[in-house]
Each structure stands twice: as structure tokens, then as C-alpha cells.
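J.: This is the structure I want to talk about, given as C-alpha cells.
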Amino acid sequence: MGTDPASPWPWSALGLKETSDRNAIQAAYAARKALLNAQAMRISAFAELTEAREKALFLAAEMRREAKREGALRLYRRRWDL
């Protein structure tokens with residue numbers, strides 16, 4: 001399974017650029033899992049891939065929360081001309 005050395009884990013394990021898109025993360029996980037299945041999957045490789053997916057989903061949720069906070073802050077500043 002190839003990884004992108006320019007992209008940090010877990011994104012590299014999933015073959016993704018950093019994203020907050022849950023569907024993209026799930027699709028990348030499914031594609032990588034299918035590759036593992038085709039290569040007589042090792043339990044450790046599957047565990048690493050699953051861990052990468054879970055970490056990526058957590059980071060994606062954090063990105064969405066941060067974007068929401070930033071949006072609320074911008075709205076507050078605009079409202080009060082700060």
C-alpha cells in the first residue's frame with residue numbers, strides 16, 4: 001500500500017490530502033481495504049488502516065468544529081464592527 005510521504009499520518013495511510021470530508025475518508029478507507037483484501041490482508045495492516053480512518057474522522061470533525069467557531073467569530077466581529 002503506497003503512502004504519500006509529503007502527507008502526515010493518518011492522511012498518508014489513507015492516500016488522502018487533509019480533509020474534513022467524512023465521505024472522502026470513508027471512500028479512501030474502503031479503497032485501501034479492498035487493496036488489502038486483494039493482497040491476502042495482514043491483521044496488522046488492517047488494524048493500522050482502521051486506526052488511520054478513525055484518527056482521520058476525528059481530525060475531520062475537529063476541522064469542521066474549528067471552521068464553525070471561526071465563522072461564528074467572524075459574524076460576531078462583523079456585527080459589532082470589531
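Ordered as shown in the C-alpha cells, chains take letters A, B, and onward, while each chain numbers its residues from 1 and ligands are numbered from 1 in the order shown.
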Can you pull out every residue from chain A that DSSP, working from the backbone, puts in alpha helix (DSSP H), and format the result as a ChimeraX atom specification?
T.: /A:11-14,22-38,43-79
J.: Would you list the contacts of A:Glu18 as a list in words, taking every protein, DNA or RNA residue within 12 Å and counting only C-alpha atoms, but skipping same-chain residues closer than 4 positions in sequence?
T.: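 Residues near the query, excluding close chain neighbours: Asp4, Ala6, Ser7, Pro8, Trp9, Pro10, Trp11, Ser12, Ala13, Leu14, Arg22, Ala24, Ile25, Ala28, Lys55, Ala56, Leu57, Phe58, Leu59, Ala60, Ala61, Glu62 and Met63 of chain A.
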J.: Could you state the separation of atom CA of A:Lys17 and atom CA of A:Arg42 in Å, given to one decimal place?
T.: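 Computing the Euclidean distance for atom CA of A:Lys17 and atom CA of A:Arg42 yields 24.9 Å.
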J.: Using only C-alpha atoms, which residues sit within 8 Å of A:Thr50 once same-chain residues fewer than 4 positions away are excluded, as a PyMOL selection string?
T.: chain A and resi 29+46+54
J.: What is the atom CA of A:Ala47-atom CA of A:Leu35 distance in Å, reported with one decimal?
T.: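 Going from atom CA of A:Ala47 over to atom CA of A:Leu35, I get 14.1 Å.
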